[in-house]
>>> print(open('entry.cif').read())   # mmCIF, C-alpha atoms and all ligand atoms
data_input
#
loop_
_atom_site.label_atom_id
_atom_site.label_comp_id
_atom_site.auth_asym_id
_atom_site.auth_seq_id
_atom_site.Cartn_x
_atom_site.Cartn_y
_atom_site.Cartn_z
CA MET A 189 0.00 0.00 0.00
CA ASN A 190 1.35 3.46 -0.88
CA ARG A 191 1.08 5.77 2.06
CA THR A 192 2.49 9.19 2.83
CA TRP A 193 4.11 9.07 6.24
CA THR A 194 4.61 12.28 8.17
CA GLU A 195 8.14 12.34 9.49
CA LEU A 196 8.46 12.17 13.27
CA SER A 197 9.83 15.50 14.43
CA PRO A 198 9.62 17.99 17.28
CA SER A 199 6.38 19.22 15.71
CA TYR A 200 4.93 15.72 15.16
CA ASP A 201 5.05 13.30 18.09
CA PRO A 202 1.98 11.05 17.88
CA TRP A 203 2.71 9.55 21.33
CA ASP A 204 2.01 12.90 23.04
CA PRO A 205 -1.55 12.75 24.47
CA ILE A 206 -2.02 16.50 24.10
CA ARG A 207 -2.68 15.90 20.40
CA SER A 208 -5.66 13.58 20.89
CA LEU A 209 -6.96 15.71 23.77
CA ARG A 210 -7.00 18.71 21.43
CA GLN A 211 -8.47 16.74 18.57
CA TYR A 212 -11.28 14.92 20.40
CA GLY A 213 -11.83 17.26 23.36
CA ARG A 214 -11.25 14.44 25.86
CA HIS A 215 -8.59 11.86 26.62
CA THR A 216 -8.95 9.18 23.96
CA LEU A 217 -7.29 5.81 23.45
CA THR A 218 -4.92 6.21 20.51
CA SER A 219 -2.02 4.07 21.70
CA VAL A 220 -1.62 0.48 22.85
CA GLU A 221 1.53 -1.04 24.32
CA PHE A 222 2.11 -4.80 24.34
CA THR A 223 4.35 -6.63 26.79
CA VAL A 224 5.56 -9.61 24.75
CA SER A 225 8.46 -10.87 26.86
CA ASN A 226 9.46 -11.28 30.48
CA LEU A 227 12.89 -12.51 29.45
CA CYS A 228 15.99 -10.34 29.33
CA ASN A 229 19.74 -10.86 29.08
CA MET A 230 20.29 -7.94 31.47
CA ARG A 231 19.12 -7.01 34.97
CA CYS A 232 19.52 -3.24 35.18
CA GLU A 233 19.49 -1.66 38.62
CA HIS A 234 16.77 0.80 37.59
CA CYS A 235 14.55 -1.65 35.67
CA ALA A 236 10.95 -0.47 36.04
CA VAL A 237 9.64 -4.01 35.38
CA GLY A 238 12.54 -5.88 37.03
CA ASP A 239 10.29 -7.85 39.38
CA THR A 240 8.45 -9.44 36.46
CA LEU A 241 11.59 -10.79 34.74
CA VAL A 242 11.94 -14.58 34.64
CA MET A 243 14.37 -17.20 33.30
CA GLN A 244 11.67 -19.15 31.46
CA GLU A 245 8.28 -17.97 30.41
CA GLY A 246 4.98 -19.57 29.55
CA PRO A 247 2.94 -19.29 26.35
CA LYS A 248 1.44 -16.07 25.09
CA LEU A 249 -2.12 -15.50 23.92
CA PRO A 250 -2.70 -15.99 20.20
CA LEU A 251 -1.70 -12.84 18.34
CA ALA A 252 -5.01 -12.96 16.44
CA ASP A 253 -6.83 -12.16 19.72
CA ALA A 254 -4.80 -8.98 20.12
CA LEU A 255 -5.27 -7.95 16.50
CA ARG A 256 -9.05 -8.37 16.80
CA LYS A 257 -9.01 -6.04 19.81
CA LEU A 258 -6.88 -3.51 17.97
CA ASP A 259 -9.37 -3.56 15.09
CA GLU A 260 -11.96 -2.21 17.55
CA VAL A 261 -9.83 0.82 18.54
CA GLU A 262 -11.22 3.47 16.26
CA HIS A 263 -8.59 6.18 16.75
CA LEU A 264 -5.49 4.01 17.03
CA GLU A 265 -2.39 6.02 16.07
CA THR A 266 0.55 4.27 17.73
CA ILE A 267 1.57 0.91 19.14
CA SER A 268 4.58 0.09 21.29
CA ILE A 269 6.15 -3.28 22.04
CA THR A 270 8.02 -3.83 25.26
CA GLY A 271 9.41 -6.48 27.58
CA GLY A 272 11.82 -7.60 29.15
CA GLU A 273 13.90 -7.56 26.05
CA PRO A 274 11.16 -8.12 23.46
CA THR A 275 13.59 -9.54 20.89
CA PHE A 276 15.16 -12.02 23.34
CA SER A 277 13.40 -14.98 21.69
CA VAL A 278 13.64 -15.28 17.90
CA LYS A 279 10.24 -17.02 17.93
CA THR A 280 8.67 -13.97 19.59
CA VAL A 281 10.26 -11.71 16.99
CA LYS A 282 8.96 -13.83 14.10
CA ASP A 283 5.55 -14.89 15.43
CA TYR A 284 4.52 -11.77 17.33
CA MET A 285 6.61 -8.70 16.70
CA VAL A 286 6.92 -8.78 12.92
CA PRO A 287 3.19 -9.53 12.32
CA LEU A 288 2.07 -6.98 14.91
CA LEU A 289 4.31 -4.28 13.46
CA ARG A 290 3.22 -5.20 9.93
CA TYR A 291 -0.45 -4.94 10.98
CA ALA A 292 0.25 -1.45 12.36
CA HIS A 293 2.18 -0.42 9.31
CA GLU A 294 -0.61 -1.51 6.96
CA ARG A 295 -3.11 0.44 9.06
CA GLY A 296 -1.01 3.61 9.04
CA VAL A 297 -0.28 3.28 12.77
CA ARG A 298 3.15 4.37 14.02
CA THR A 299 5.31 1.85 15.89
CA GLN A 300 7.94 1.69 18.60
CA ILE A 301 9.83 -1.07 20.33
CA ASN A 302 11.80 -0.79 23.56
CA SER A 303 15.01 -2.79 23.32
CA ASN A 304 18.47 -2.96 24.85
CA LEU A 305 19.88 -3.53 21.33
CA THR A 306 22.56 -5.92 22.61
CA LEU A 307 21.55 -9.02 20.61
CA ASP A 308 22.55 -9.97 17.06
CA LEU A 309 21.85 -7.32 14.44
CA GLU A 310 19.76 -9.65 12.28
CA ARG A 311 16.71 -9.72 14.54
CA TYR A 312 16.54 -5.92 14.54
CA GLU A 313 16.81 -5.91 10.74
CA TRP A 314 13.74 -8.19 10.48
CA ILE A 315 11.57 -5.59 12.16
CA ALA A 316 13.22 -2.53 10.61
CA PRO A 317 10.83 -2.21 7.63
CA TYR A 318 7.82 -1.76 9.94
CA LEU A 319 9.41 0.23 12.74
CA ASP A 320 9.20 3.99 13.33
CA VAL A 321 11.10 4.25 16.62
CA MET A 322 13.71 1.97 18.13
CA HIS A 323 13.77 3.07 21.75
CA ILE A 324 16.85 2.15 23.76
CA SER A 325 18.12 2.97 27.24
CA PHE A 326 21.45 4.71 27.38
CA ASN A 327 22.84 5.81 30.74
CA TYR A 328 26.52 5.10 30.31
CA THR A 329 29.81 6.77 29.57
CA ASN A 330 31.74 3.53 29.02
CA ALA A 331 31.63 -0.27 29.34
CA GLU A 332 32.39 -0.13 33.07
CA ASP A 333 29.29 1.96 33.71
CA PHE A 334 27.25 -0.45 31.59
CA HIS A 335 28.62 -3.38 33.60
CA GLU A 336 27.80 -1.72 36.92
CA VAL A 337 24.29 -0.65 35.94
CA GLY A 338 23.22 -3.51 33.70
CA PHE A 339 23.83 -6.69 35.68
CA VAL A 340 23.65 -5.72 39.29
CA ARG A 341 20.40 -7.69 39.84
CA SER A 342 21.55 -10.75 37.86
CA GLY A 343 21.72 -13.13 40.78
CA ARG A 344 24.94 -14.57 39.33
CA PRO A 345 28.15 -12.70 38.60
CA VAL A 346 28.56 -11.32 35.08
CA GLY A 347 32.18 -10.46 34.26
CA ILE A 348 33.34 -7.17 32.80
CA LYS A 349 34.46 -8.98 29.63
CA SER A 350 30.99 -10.35 28.85
CA ALA A 351 29.40 -7.01 29.70
CA SER A 352 31.89 -5.15 27.48
CA ARG A 353 31.04 -7.40 24.54
CA LEU A 354 27.36 -6.56 24.92
CA TYR A 355 28.15 -2.85 25.31
CA GLU A 356 30.21 -2.84 22.14
CA ARG A 357 27.49 -4.71 20.28
CA MET A 358 24.92 -2.17 21.37
CA LEU A 359 27.09 0.67 20.07
CA GLU A 360 27.76 -1.16 16.79
CA ASN A 361 24.10 -2.10 16.32
CA ALA A 362 22.97 1.46 17.01
CA ALA A 363 25.49 2.87 14.53
CA ALA A 364 24.67 0.28 11.84
CA LEU A 365 20.90 0.60 12.18
CA SER A 366 21.10 4.40 12.25
CA LYS A 367 23.19 4.33 9.12
CA GLY A 368 20.54 2.16 7.49
CA GLY A 369 17.92 4.82 8.26
CA MET A 370 16.41 3.56 11.51
CA PHE A 371 15.14 6.23 13.91
CA ILE A 372 16.81 5.41 17.21
CA SER A 373 15.66 7.27 20.28
CA ALA A 374 18.05 6.79 23.19
CA GLU A 375 16.60 7.40 26.62
CA SER A 376 18.64 8.51 29.61
CA MET A 377 17.28 8.60 33.11
CA LEU A 378 18.01 11.45 35.41
CA ASN A 379 19.25 9.94 38.66
CA THR A 380 22.19 10.19 41.04
CA ARG A 381 24.32 8.06 38.73
CA THR A 382 23.75 10.04 35.52
CA GLN A 383 23.38 13.60 36.82
CA ASP A 384 27.09 14.48 36.59
CA HIS A 385 27.63 12.73 33.25
CA ILE A 386 24.63 13.81 31.23
CA ALA A 387 26.70 15.89 28.78
CA GLN A 388 29.04 12.98 28.04
CA ILE A 389 26.11 10.55 27.70
CA HIS A 390 24.52 12.98 25.22
CA ARG A 391 27.74 13.12 23.16
CA LEU A 392 27.88 9.32 22.88
CA ILE A 393 24.25 9.24 21.77
CA VAL A 394 25.09 11.76 19.04
CA GLU A 395 28.11 9.69 18.00
CA MET A 396 25.98 6.53 17.64
CA GLY A 397 23.90 8.38 15.05
CA CYS A 398 20.71 8.37 17.13
CA ARG A 399 18.02 10.79 16.02
CA ARG A 400 16.59 11.65 19.41
CA HIS A 401 17.76 11.86 23.00
CA GLU A 402 14.92 11.13 25.39
CA VAL A 403 15.39 12.30 28.97
CA HIS A 404 13.21 11.27 31.90
CA PRO A 405 13.54 11.26 35.65
CA MET A 406 14.08 7.73 36.94
CA TYR A 407 10.75 6.09 37.73
CA PRO A 408 10.76 5.01 41.37
CA SER A 409 9.26 1.62 40.43
CA SER A 410 10.21 -2.04 40.85
CA PHE A 411 14.04 -2.44 40.99
CA ALA A 412 14.36 1.36 41.08
CA SER A 413 11.95 1.87 43.96
CA ASN A 414 14.76 1.94 46.54
CA LEU A 415 17.27 3.95 44.52
CA PRO A 416 17.72 7.60 45.48
CA ILE A 417 15.90 10.07 43.25
CA LEU A 418 17.14 13.55 42.39
CA SER A 419 15.82 16.56 44.22
CA LEU A 420 13.98 19.11 42.10
CA ASP A 421 16.99 21.46 42.35
CA GLN A 422 19.37 18.73 41.17
CA MET A 423 17.10 17.82 38.30
CA ARG A 424 16.69 21.42 37.14
CA GLU A 425 20.44 21.96 37.28
CA THR A 426 21.12 18.75 35.32
CA ILE A 427 18.66 19.72 32.58
CA HIS A 428 20.22 23.19 32.27
CA ARG A 429 23.65 21.58 31.97
CA LEU A 430 22.42 19.23 29.25
CA LEU A 431 20.93 22.15 27.33
CA ASP A 432 24.17 24.15 27.70
CA SER A 433 26.28 21.37 26.19
CA ARG A 434 23.93 19.72 23.72
CA ASP A 435 24.25 19.25 20.00
CA PRO A 436 21.60 21.68 18.70
CA ASP A 437 20.78 19.38 15.78
CA MET A 438 19.71 16.52 18.06
CA TRP A 439 16.05 16.42 19.06
CA ILE A 440 15.81 16.26 22.85
CA LEU A 441 12.50 14.95 24.18
CA LEU A 442 11.93 15.41 27.89
CA GLY A 443 9.19 13.32 29.43
CA THR A 444 7.47 12.72 32.78
CA LEU A 445 9.09 15.88 34.15
CA PRO A 446 8.15 17.11 37.62
CA PHE A 447 8.06 20.76 36.49
CA PHE A 448 4.74 22.33 35.63
CA ALA A 449 3.51 25.68 34.39
CA CYS A 450 1.34 25.98 37.52
CA SER A 451 4.43 26.12 39.74
CA SER A 452 4.99 29.19 41.90
CA SER A 453 8.76 28.60 41.81
CA GLU A 454 10.64 31.13 39.68
CA GLU A 455 13.33 28.49 38.96
CA ASP A 456 10.70 26.15 37.56
CA GLN A 457 9.22 28.91 35.42
CA MET A 458 12.67 29.85 34.11
CA LEU A 459 13.43 26.28 33.13
CA LEU A 460 10.04 25.89 31.44
CA ARG A 461 10.58 29.12 29.49
CA ARG A 462 13.95 27.87 28.36
CA LEU A 463 12.49 24.53 27.29
CA ARG A 464 9.76 26.27 25.31
CA ASN A 465 12.27 28.45 23.48
CA GLU A 466 15.07 25.98 22.74
CA PRO A 467 15.00 24.73 19.14
CA ASN A 468 14.63 20.95 18.75
CA VAL A 469 13.54 20.46 22.35
CA THR A 470 10.10 19.12 23.27
CA VAL A 471 8.39 18.23 26.53
CA ARG A 472 6.05 15.29 26.10
CA ASN A 473 3.02 14.77 28.30
CA ASP A 474 2.92 11.31 29.81
CA PRO A 475 0.98 8.92 27.53
CA ASP A 476 0.22 6.33 30.25
CA GLY A 477 -3.50 6.42 30.95
CA ARG A 478 -3.87 9.61 28.87
CA ASN A 479 -3.94 8.01 25.44
CA ARG A 480 -2.38 4.61 26.14
CA LEU A 481 -3.01 1.27 27.81
CA ASN A 482 -0.68 -1.69 28.27
CA VAL A 483 -1.66 -5.26 27.37
CA ASN A 484 0.19 -8.19 28.89
CA MET A 485 0.31 -10.85 26.15
CA PHE A 486 0.78 -13.70 28.66
CA THR A 487 -2.34 -13.09 30.72
CA GLY A 488 -4.39 -10.72 28.56
CA ASP A 489 -4.52 -8.32 31.51
CA ILE A 490 -4.86 -4.67 30.62
CA TYR A 491 -3.03 -2.07 32.71
CA VAL A 492 -2.66 1.67 32.76
CA THR A 493 1.10 1.13 32.29
CA ASP A 494 3.45 -1.83 32.29
CA PHE A 495 4.99 -0.83 35.64
CA ALA A 496 2.43 0.90 37.87
CA ASP A 497 1.10 -0.67 41.05
CA VAL A 498 -2.48 -0.11 39.84
CA PRO A 499 -4.05 -3.58 39.39
CA ALA A 500 -5.33 -4.76 35.99
CA LEU A 501 -8.32 -2.77 34.80
CA GLY A 502 -9.66 -5.46 32.49
CA ASN A 503 -8.73 -8.41 30.31
CA LEU A 504 -8.41 -8.88 26.59
CA SER A 505 -10.66 -11.96 26.70
CA ASN A 506 -13.79 -10.10 27.73
CA ASP A 507 -13.23 -6.35 27.49
CA ARG A 508 -12.97 -3.84 24.69
CA LEU A 509 -9.85 -1.72 25.03
CA GLU A 510 -11.80 1.53 24.72
CA GLU A 511 -14.13 0.46 27.57
CA VAL A 512 -11.14 -0.29 29.79
CA PHE A 513 -9.67 3.10 28.93
CA ASP A 514 -12.90 4.84 29.96
CA ARG A 515 -12.86 2.82 33.20
CA TRP A 516 -9.40 4.22 33.93
CA ILE A 517 -10.46 7.79 33.13
CA GLN A 518 -13.22 7.44 35.78
CA HIS A 519 -10.82 5.83 38.30
CA PRO A 520 -10.23 7.93 41.47
CA LEU A 521 -6.44 7.72 40.99
CA SER A 522 -6.66 9.04 37.46
CA ARG A 523 -8.82 11.93 38.60
CA THR A 524 -6.16 13.21 41.05
CA VAL A 525 -3.91 14.20 38.12
CA ASP A 526 -6.60 14.89 35.53
CA CYS A 527 -5.88 18.55 34.88
CA HIS A 528 -5.41 20.39 31.62
CA CYS A 529 -4.03 23.85 30.89
CA PRO A 530 -4.30 24.43 27.14
CA ALA A 531 -2.10 27.57 27.21
CA ALA A 532 0.77 25.50 28.62
CA ALA A 533 0.04 22.45 26.39
CA CYS A 534 0.03 20.46 29.62
CA CYS A 535 -2.30 17.66 30.69
CA GLY A 536 -0.99 16.92 34.14
CA PRO A 537 1.71 14.90 35.82
CA ASN A 538 2.68 11.25 35.66
CA LEU A 539 1.29 9.54 38.78
CA LEU A 540 4.58 8.09 40.01
CA VAL A 541 6.40 11.38 39.57
CA ALA A 542 3.55 13.32 41.22
CA ASN A 543 3.59 10.94 44.20
CA SER A 544 7.36 11.26 44.55
CA TYR A 545 7.61 15.04 44.33
CA TYR A 546 4.14 16.35 45.22
CA PRO A 547 2.53 13.80 47.57
CA GLY A 548 -1.07 14.70 48.40
CA GLU A 549 -1.18 17.58 45.89
CA ASP A 550 -4.49 17.99 44.08
CA PHE A 551 -3.43 19.10 40.62
CA THR A 552 -7.00 19.61 39.54
CA ARG A 553 -7.04 22.75 41.73
CA ARG A 554 -4.00 24.28 40.05
CA LYS A 555 -3.72 26.45 36.96
CA ALA A 556 -0.86 27.34 34.67
CA ILE A 557 0.75 30.72 35.32
CA ILE A 558 1.51 31.80 31.81
S1 LIG B 601 -2.25 20.91 33.46
FE1 LIG B 601 -2.04 20.49 35.64
S2 LIG B 601 0.14 20.14 35.98
FE2 LIG B 601 -0.10 21.17 33.99
S3 LIG B 601 0.10 23.32 34.41
FE3 LIG B 601 -2.06 22.86 34.48
S4 LIG B 601 -2.52 22.40 36.61
FE4 LIG B 601 -0.29 22.29 36.37
#
>>> encode(input="entry.cif", output="structure tokens", more="lines below")
Ligand code: SF4
Amino acid sequence: MNRTWTELSPSYDPWDPIRSLRQYGRHTLTSVEFTVSNLCNMRCEHCAVGDTLVMQEGPKLPLADALRKLDEVEHLETISITGGEPTFSVKTVKDYMVPLLRYAHERGVRTQINSNLTLDLERYEWIAPYLDVMHISFNYTNAEDFHEVGFVRSGRPVGIKSASRLYERMLENAAALSKGGMFISAESMLNTRTQDHIAQIHRLIVEMGCRRHEVHPMYPSSFASNLPILSLDQMRETIHRLLDSRDPDMWILLGTLPFFACSSSEEDQMLLRRLRNEPNVTVRNDPDGRNRLNVNMFTGDIYVTDFADVPALGNLSNDRLEEVFDRWIQHPLSRTVDCHCPAAACCGPNLLVANSYYPGEDFTRRKAII
């Protein structure tokens, strides 16, 4: 099918829920994320789904069940595939990922996978024709960092040599796939480990040929729930430093930030002004529960995100995805952060970030100062 694809860019990010909120006048399901693997060759200290990782996993639901449910989502614009490492099993790549991505592609729906990119290049090449965004985590300045961060929860020692091989493969894969035209978006977390090295991490991401640097605070979830988070002052200072040293041609996407236009802090307002005025810098509203749901392909359970503590809201076997989404929108937890200030293009905070930095705050009573 011949289709004209709009290029992803700072002015076109179909994962940002502000777009569907503007278009339909209410939060609308436009995005579905599938968890297709609980296997991974790494055990990162910050893994937001670390507690769900296993050494062997059971069967998944038939893909046809998921596709039938996607058919019912009228305004579907994006799908994401996540894990674990979703490409860990070749069978999952061939029997689930490629057909799911092809389905999306044929429907004009944009696609993303979340991968550590450390496995053989071939499996990433199989999905390349149907993939819009290869999302990777990148929080390192060298192989030693990667070794320290990536295997700390392994349960068995992983030597620096093995870790270095994987690190090198990730760099080579990223460079080769970028060269072949793949859009790689490398995400760095802002935490106590990365705060002093963010400029160097950014440079390596540029050198790999990535097209976007995604920057988020570390989610205090699962393996990361006991790691120290940055204070708001530390986070602001780290973002300013990144902006001071960045490559201006690289798109920087900041997400799940704890800084809002309704803040009475002059430092927050200054940072937000800078973010609004920097070329090639965007601040994405959090998609989880605003335009997106997560489907676990092993159980069929449907969640607001793959890592929140909120229990399943429904199941693929007997619920329509749009009904489950409406159930979440009416949920008391969702309502605590259900604010919208059109002038600031903001539709409220991520729940985990709000709980970490603004416990008990009722955002629905706030308004952007703009
Ligand atoms: S939408 Fe909510 S978080 Fe954003 S500026 Fe308005 S009140 Fe603050």
>>> closest_residue(input="entry.cif", among="A:Tyr284, A:Phe334, A:Ala363, A:Thr194", to="Lys349 (chain A)", atoms="all atoms listed in the file")
A:Phe334
>>> residues_near_ligand(input="entry.cif", ligand="ligand LIG 601 (chain B)", cutoff="10 Å", atoms="all atoms listed in the file", output="mmCIF file with C-alpha atoms, in the frame of the given file")
data_model
loop_
_atom_site.group_PDB
_atom_site.id
_atom_site.type_symbol
_atom_site.label_atom_id
_atom_site.label_comp_id
_atom_site.auth_asym_id
_atom_site.auth_seq_id
_atom_site.Cartn_x
_atom_site.Cartn_y
_atom_site.Cartn_z
ATOM 1 C CA PRO A 446 8.150 17.110 37.620
ATOM 2 C CA PHE A 447 8.060 20.760 36.490
ATOM 3 C CA PHE A 448 4.740 22.330 35.630
ATOM 4 C CA ALA A 449 3.510 25.680 34.390
ATOM 5 C CA CYS A 450 1.340 25.980 37.520
ATOM 6 C CA SER A 451 4.430 26.120 39.740
ATOM 7 C CA ASN A 473 3.020 14.770 28.300
ATOM 8 C CA THR A 524 -6.160 13.210 41.050
ATOM 9 C CA VAL A 525 -3.910 14.200 38.120
ATOM 10 C CA ASP A 526 -6.600 14.890 35.530
ATOM 11 C CA CYS A 527 -5.880 18.550 34.880
ATOM 12 C CA HIS A 528 -5.410 20.390 31.620
ATOM 13 C CA CYS A 529 -4.030 23.850 30.890
ATOM 14 C CA PRO A 530 -4.300 24.430 27.140
ATOM 15 C CA ALA A 531 -2.100 27.570 27.210
ATOM 16 C CA ALA A 532 0.770 25.500 28.620
ATOM 17 C CA ALA A 533 0.040 22.450 26.390
ATOM 18 C CA CYS A 534 0.030 20.460 29.620
ATOM 19 C CA CYS A 535 -2.300 17.660 30.690
ATOM 20 C CA GLY A 536 -0.990 16.920 34.140
ATOM 21 C CA PRO A 537 1.710 14.900 35.820
ATOM 22 C CA ASN A 538 2.680 11.250 35.660
ATOM 23 C CA ALA A 542 3.550 13.320 41.220
ATOM 24 C CA ASP A 550 -4.490 17.990 44.080
ATOM 25 C CA PHE A 551 -3.430 19.100 40.620
ATOM 26 C CA THR A 552 -7.000 19.610 39.540
ATOM 27 C CA ARG A 553 -7.040 22.750 41.730
ATOM 28 C CA ARG A 554 -4.000 24.280 40.050
ATOM 29 C CA LYS A 555 -3.720 26.450 36.960
ATOM 30 C CA ALA A 556 -0.860 27.340 34.670
ATOM 31 C CA ILE A 557 0.750 30.720 35.320
ATOM 32 C CA ILE A 558 1.510 31.800 31.810
#
>>> closest_residue(input="entry.cif", among="A:Ala387, A:Leu365, A:Cys398, A:Leu415", to="Ile427 (chain A)", atoms="all atoms listed in the file")
A:Ala387
>>> closest_atom_pairs(input="entry.cif", of="region 240-329 of chain A", to="region 220-235 of chain A", cutoff="7 Å", atoms="only C-alpha atoms", output="Markdown table")
| residue | atom | partner | partner_atom | distance |
| --- | --- | --- | --- | --- |
| A:Thr240 | CA | A:Asn226 | CA | 6.3 |
| A:Leu241 | CA | A:Asn226 | CA | 4.8 |
| A:Val242 | CA | A:Leu227 | CA | 5.7 |
| A:Met243 | CA | A:Leu227 | CA | 6.2 |
| A:Glu245 | CA | A:Asn226 | CA | 6.8 |
| A:Thr266 | CA | A:Val220 | CA | 6.7 |
| A:Ile267 | CA | A:Val220 | CA | 4.9 |
| A:Ser268 | CA | A:Glu221 | CA | 4.4 |
| A:Ile269 | CA | A:Phe222 | CA | 4.9 |
| A:Thr270 | CA | A:Thr223 | CA | 4.9 |
| A:Gly271 | CA | A:Ser225 | CA | 4.5 |
| A:Gly272 | CA | A:Asn226 | CA | 4.6 |
| A:Glu273 | CA | A:Cys228 | CA | 4.8 |
| A:Pro274 | CA | A:Ser225 | CA | 5.1 |
| A:Phe276 | CA | A:Cys228 | CA | 6.3 |
>>> atom_distance(input="entry.cif", atom1="CA of Ile372 (chain A)", atom2="CA of Pro317 (chain A)")
13.6 Å
>>> closest_residue(input="entry.cif", among="A:Gly488, A:Val498, A:Gly347, A:Ser219", to="Leu540 (chain A)", atoms="only C-alpha atoms")
A:Val498
>>> closest_residue(input="entry.cif", among="A:Ala500, A:Leu305, A:Ile315, A:Leu251", to="Leu289 (chain A)", atoms="only C-alpha atoms")
A:Ile315
>>> atom_distance(input="entry.cif", atom1="CA of Gly502 (chain A)", atom2="CA of Ser544 (chain A)")
26.7 Å
>>> residues_around(input="entry.cif", residues="Pro475 (chain A)", least_positions_apart="3", cutoff="7 Å", atoms="only C-alpha atoms", output="list in words")
Trp203, Asp204, Pro205, Arg478, Asn479 and Arg480 of chain A
>>> closest_residue(input="entry.cif", among="A:Trp193, A:Tyr355, A:His519, A:Arg344", to="Arg295 (chain A)", atoms="only C-alpha atoms")
A:Trp193
>>> closest_residue(input="entry.cif", among="A:Gln244, A:Asn465, A:Ser277, A:Ser325", to="Leu378 (chain A)", atoms="all atoms listed in the file")
A:Ser325
>>> atom_distance(input="entry.cif", atom1="CA of Glu402 (chain A)", atom2="CA of Thr426 (chain A)")
14.0 Å
>>> residues_around(input="entry.cif", residues="Glu195 (chain A)", least_positions_apart="4", cutoff="12 Å", atoms="all atoms listed in the file", output="mmCIF file with C-alpha atoms, keeping the file's coordinate frame")
data_model
loop_
_atom_site.group_PDB
_atom_site.id
_atom_site.type_symbol
_atom_site.label_atom_id
_atom_site.label_comp_id
_atom_site.auth_asym_id
_atom_site.auth_seq_id
_atom_site.Cartn_x
_atom_site.Cartn_y
_atom_site.Cartn_z
ATOM 1 C CA SER A 199 6.380 19.220 15.710
ATOM 2 C CA TYR A 200 4.930 15.720 15.160
ATOM 3 C CA ASP A 201 5.050 13.300 18.090
ATOM 4 C CA PRO A 202 1.980 11.050 17.880
ATOM 5 C CA ARG A 298 3.150 4.370 14.020
ATOM 6 C CA ASP A 320 9.200 3.990 13.330
ATOM 7 C CA VAL A 321 11.100 4.250 16.620
ATOM 8 C CA PHE A 371 15.140 6.230 13.910
ATOM 9 C CA ARG A 399 18.020 10.790 16.020
#
>>> residues_around(input="entry.cif", residues="Tyr328 (chain A)", least_positions_apart="5", cutoff="8 Å", atoms="all atoms listed in the file", output="list in words")
Asp333, Phe334, Thr382 and Ile389 of chain A
>>> residues_around(input="entry.cif", residues="region 503-508 of chain A", least_positions_apart="4", cutoff="8 Å", atoms="all atoms listed in the file", output="PDB file with C-alpha atoms, keeping the file's coordinate frame")
ATOM      1  CA  ASP A 253      -6.830 -12.160  19.720  1.00  0.00           C
ATOM      2  CA  ALA A 254      -4.800  -8.980  20.120  1.00  0.00           C
ATOM      3  CA  LYS A 257      -9.010  -6.040  19.810  1.00  0.00           C
ATOM      4  CA  GLU A 260     -11.960  -2.210  17.550  1.00  0.00           C
ATOM      5  CA  VAL A 483      -1.660  -5.260  27.370  1.00  0.00           C
ATOM      6  CA  THR A 487      -2.340 -13.090  30.720  1.00  0.00           C
ATOM      7  CA  GLY A 488      -4.390 -10.720  28.560  1.00  0.00           C
ATOM      8  CA  ASP A 489      -4.520  -8.320  31.510  1.00  0.00           C
ATOM      9  CA  ILE A 490      -4.860  -4.670  30.620  1.00  0.00           C
ATOM     10  CA  VAL A 512     -11.140  -0.290  29.790  1.00  0.00           C
TER      11      VAL A 512
END
>>> residues_around(input="entry.cif", residues="Thr470 (chain A)", least_positions_apart="4", cutoff="7 Å", atoms="all atoms listed in the file", output="list in words")
Pro198, Ile440, Leu441 and Leu442 of chain A
